[in-house]
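Have a look at the structure below, then the notes.
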Amino acid sequence: MTTDPENAQRHLTPRARAALALGGLAGRASKMTGRGAGTQVSGRVMLAVAPDLLADVARGRRVAIVSATNGKTTTTRLLADALRAAGLPVASNHTGANMPAGVAAALGREPDPEIAILEVDERWVPKVIDPLDADVLILGNLTRDQLDRFGEVRSIAERWRTVCDTHPDLTVIANASDPHVVWSVGGHPNVTWVALGAPWRSDAATCPECAALLTWSADSFRCDACGFAQPPADYRLDDNTLITPEGPLTLDLTLPGDWNRMNGALALTGAIVGFGIDPAVALTGLRAVDVVSGRFSDCRLPDGRDARVILAKNPAGWTEVLRWLEPRATAVVLAVNAHVADGRDPSWLWDVPYELLRGKAVAASGERALDVSVRLDYGGVDHLAEPDPLAAAARLTGDVDIVASYTQFTHLTRATW
Amino acid sequence: MRTSAVRVGLVFPELLGTYGDRGNAVVLVERCRRRGIEADLIEVSAGSPIPVDLDIYLFGGGEDDAQVMAATGMRESGAAIASARSGGSVVFAVCAGFQLLGTTYEANDGEILDGLGLVDLATRAGDGRCIGECVVVPDAATGLPTLTGFENHGGRTTLGPGIAPLGRVTTGFGNGIDGCDGVLADHLLGTYLHGPVLPRNPALADHLLGWIVGPDALTPLDDHLVDALRAERLREAQLTGLAARRRDWHLNRG
């Protein structure tokens, strides 16, 4: 699909056009000077010039917002590609710039497509929902993530709840297996529930409604005190299959791991319910995705070997990745920083079952290699410690998987996307 | 030398485990085993009564709603905990758990709720959260070295008359009232430090274990990894002036 800027921007005000031009300039300057991908800077300039830009660039489009603690970038990409497989032109913030400035920049770059699939940071959903005039809201999961910065899970659930309470016209697609998500959606009149399963329950011990202890069975939760419970789901993920009202759909994704099946099931439901896409067509789009913003991409080691780079941002994400790594015959580098963007408190290292790595060749790495090393030592995991993840990988033989916290990940993959 | 295994109790991990608090229990158990002392990690699930026969009671950090639930469960088992205390058991509490050792604490809706009342301290909600690396210097008489941890809490804790803190805060906030952090009494220790605090400060773990197995049983262990970690954390937390600004600039980079 080619873009015709003149045609697309004819609806924009002169101020909006100036904002897009100046923002684009700032972004290119930032990229050229090596300060970053340029998306955030570009968006910030745009919003400074035209504060209503988000509404201007979204006007007339059918907008879906995807938010979650884990998986929002991947789910967004999968949904966008499911729609593209059906021949629909889609604009999307595919680099993961998910705050208002980044969203504005992404839409400004792609003025034509009448559909926008947008990943939005959990905290920012209430701020962008009206300017974007969103039609579809897709909510994945809420778990602990960077407590020093974002605060507790509860406060984000309350923001989502306000959005759902005040926007009854939205088409909501939400994960029925996550108590915080279910509570956030409340009694919304137009919700489609997808039961994705709950591998990580440690952040949902108490009832979001009344704070009593939740009772968990193998595949669902309920509160015996107030009756809050997992809603009956219209769509349900069972291993590699999404059970739908019209029958089972086999996912067979190229992306690895159970967590990507959850992302895929959510995206597929979004495509079917939010956009009326034929499931078979949507699946061809989903299956073709192999790399998402550098996730699961390879990076070249100094000795010419390739190492696979996997992002893990919080205990739930790390646990999923370790379960996937355990049966693989690869060496593993654990690259952990504690910058503001990673969360400055790496105490979550002790909530993650690194014991699963016993018997593998393992390296503790990143700026917080020593924290990782002490954790592995008490967990009985033999390892070497080397702060530079590429140097660490070079000291391990065979195929290497590098699991990286956020700033380690962006550093390792910046060259590749 | 005791003949039975040391029973390390991790109380309500689903509620009081927000900040890697399991790590404190793992370190206590492992430091026993490495010395040939048998030790068991006993998890006390939320909703179950807290048993009377634990040697060490660990109360960790938790979110607001979870803290209210944990407080209810702890008060219901208050008699068991008091009985264990009089039999020589140790109480070790972090953050929300530390607040619950006291007489009262303030919930997020402003209501004043009862704690366990094991020690004379009270917690009120403060103006803003205390977040960041924290360095605490214990009184020399304790024999404890400088402690390193990370704090993240909204509470301000006042110690009653004659109640000793764990130490003096040189970086960070701690109790947020009088330049001190935590509480230190016989067989009872509370702190706002996580990180978790015992992996970062093995001497503190051994201090707790000494109350149970006696100091003579605490043969030296190879702590070279954690010594390196401690040195790094203390150096970074204590940077000043330009060096501190450079550190903060670095940590704010994407």
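In the structure tokens, the first chain shown is A, the next is B, and so on; residue numbers restart at 1 for each chain, and ligands run from 1 in the order shown.
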Could you list, with a cut-off of 8 Å and counting only C-alpha atoms, the residues of chain B near chain A, each shown with its nearest atom pair and the distance in Å rounded to one decimal, rows sorted by chain and ascending number, as a tab-separated table?
residue	atom	partner	partner_atom	distance
B:Glu14	CA	A:Ala205	CA	5.7
B:Leu15	CA	A:Ala205	CA	6.5
B:Thr18	CA	A:Asp203	CA	8.0
B:Tyr19	CA	A:Ser347	CA	5.7
B:Gly20	CA	A:Trp350	CA	4.7
B:Asp21	CA	A:Trp350	CA	7.4
B:Arg22	CA	A:Trp350	CA	6.5
B:Gly23	CA	A:Trp350	CA	5.2
B:Val26	CA	A:Tyr378	CA	7.4
B:Val27	CA	A:Tyr378	CA	6.8
B:Glu30	CA	A:Tyr378	CA	6.9
B:Ala46	CA	A:Leu213	CA	7.6
B:Gly47	CA	A:Leu213	CA	7.4
B:Glu63	CA	A:Glu152	CA	6.9
B:Asp65	CA	A:Ala211	CA	5.6
B:Ala66	CA	A:Thr206	CA	6.4
B:Met69	CA	A:Ala212	CA	6.7
B:Ile131	CA	A:Asp148	CA	6.4
B:Gly132	CA	A:Arg344	CA	7.6
B:Phe150	CA	A:Asp345	CA	6.5
B:Asn152	CA	A:Asp148	CA	6.4
B:His194	CA	A:Ser347	CA	7.2
B:Gly195	CA	A:Ser347	CA	4.7
B:Pro196	CA	A:Ser347	CA	5.5
B:Pro199	CA	A:Val374	CA	7.4
B:Leu225	CA	A:Val374	CA	6.2
B:Val226	CA	A:Val374	CA	6.1
B:Ala228	CA	A:Leu370	CA	7.3
B:Leu229	CA	A:Leu370	CA	5.4
B:His250	CA	A:His339	CA	7.6
B:Leu251	CA	A:His339	CA	4.3
B:Asn252	CA	A:Val340	CA	5.4
B:Arg253	CA	A:His339	CA	7.2
B:Gly254	CA	A:Thr407	CA	5.6
Quick one: residues within 10 Å of A:Ala271, only C-alpha atoms counted, chain neighbours fewer than 4 positions away excluded, as a list of chain:residue names?
-> A:Leu78, A:Leu79, A:Ala80, A:Asp81, A:Ala82, A:Leu83, A:Ala86, A:Ala265, A:Leu266, A:Ala267, A:Phe275, A:Gly276, A:Ile277, A:Asp278, A:Pro279, A:Val281, A:Ala282, A:Leu283
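With distances restricted to only C-alpha atoms, A:Ala404 is the closest residue to A:Asp388 from A:Ile65, A:Ala404, A:Leu170, A:Ala97.
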Quick one: everything within 12 Å of A:Gly317, counting only C-alpha atoms, minus sequence neighbours fewer than 3 positions away in the same chain. Send it as an MDAnalysis selection string.
-> chainID A and resid 68:71 141:145 199:200 257:260 310:314 320:324 348:349 351:353 403:406
Got a sec: who's within 10 Å of stretch 100-111 of chain B, counting only C-alpha atoms, leaving out chain neighbours fewer than 4 positions off, as a ChimeraX atom specification?
-> /B:59-60,63-65,67-68,70-71,74-75,91-96,115-126,154-160,183,188-190
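Closest approach to B:Leu239 among B:Asp139, B:Leu113, B:Asp227, B:Thr170: B:Thr170, based on only C-alpha atoms.
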Can you list every residue in stretch 15-232 of chain B that DSSP puts in strand (DSSP E), as a ChimeraX atom specification?
-> /B:39-44,56-59,90-94,104-106,112-114,121-138,147-159,167-171,180-181,183-185,188-191
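Distance-wise, atom CA of B:Ser4 and atom CA of B:Asp40 end up 10.2 Å apart.
Comparing the minimum interatomic distances between B:Glu38 and each of B:Ala231, B:Val213, B:Ala80, B:Val136, counting only C-alpha atoms, we find that B:Val213 sits nearest.
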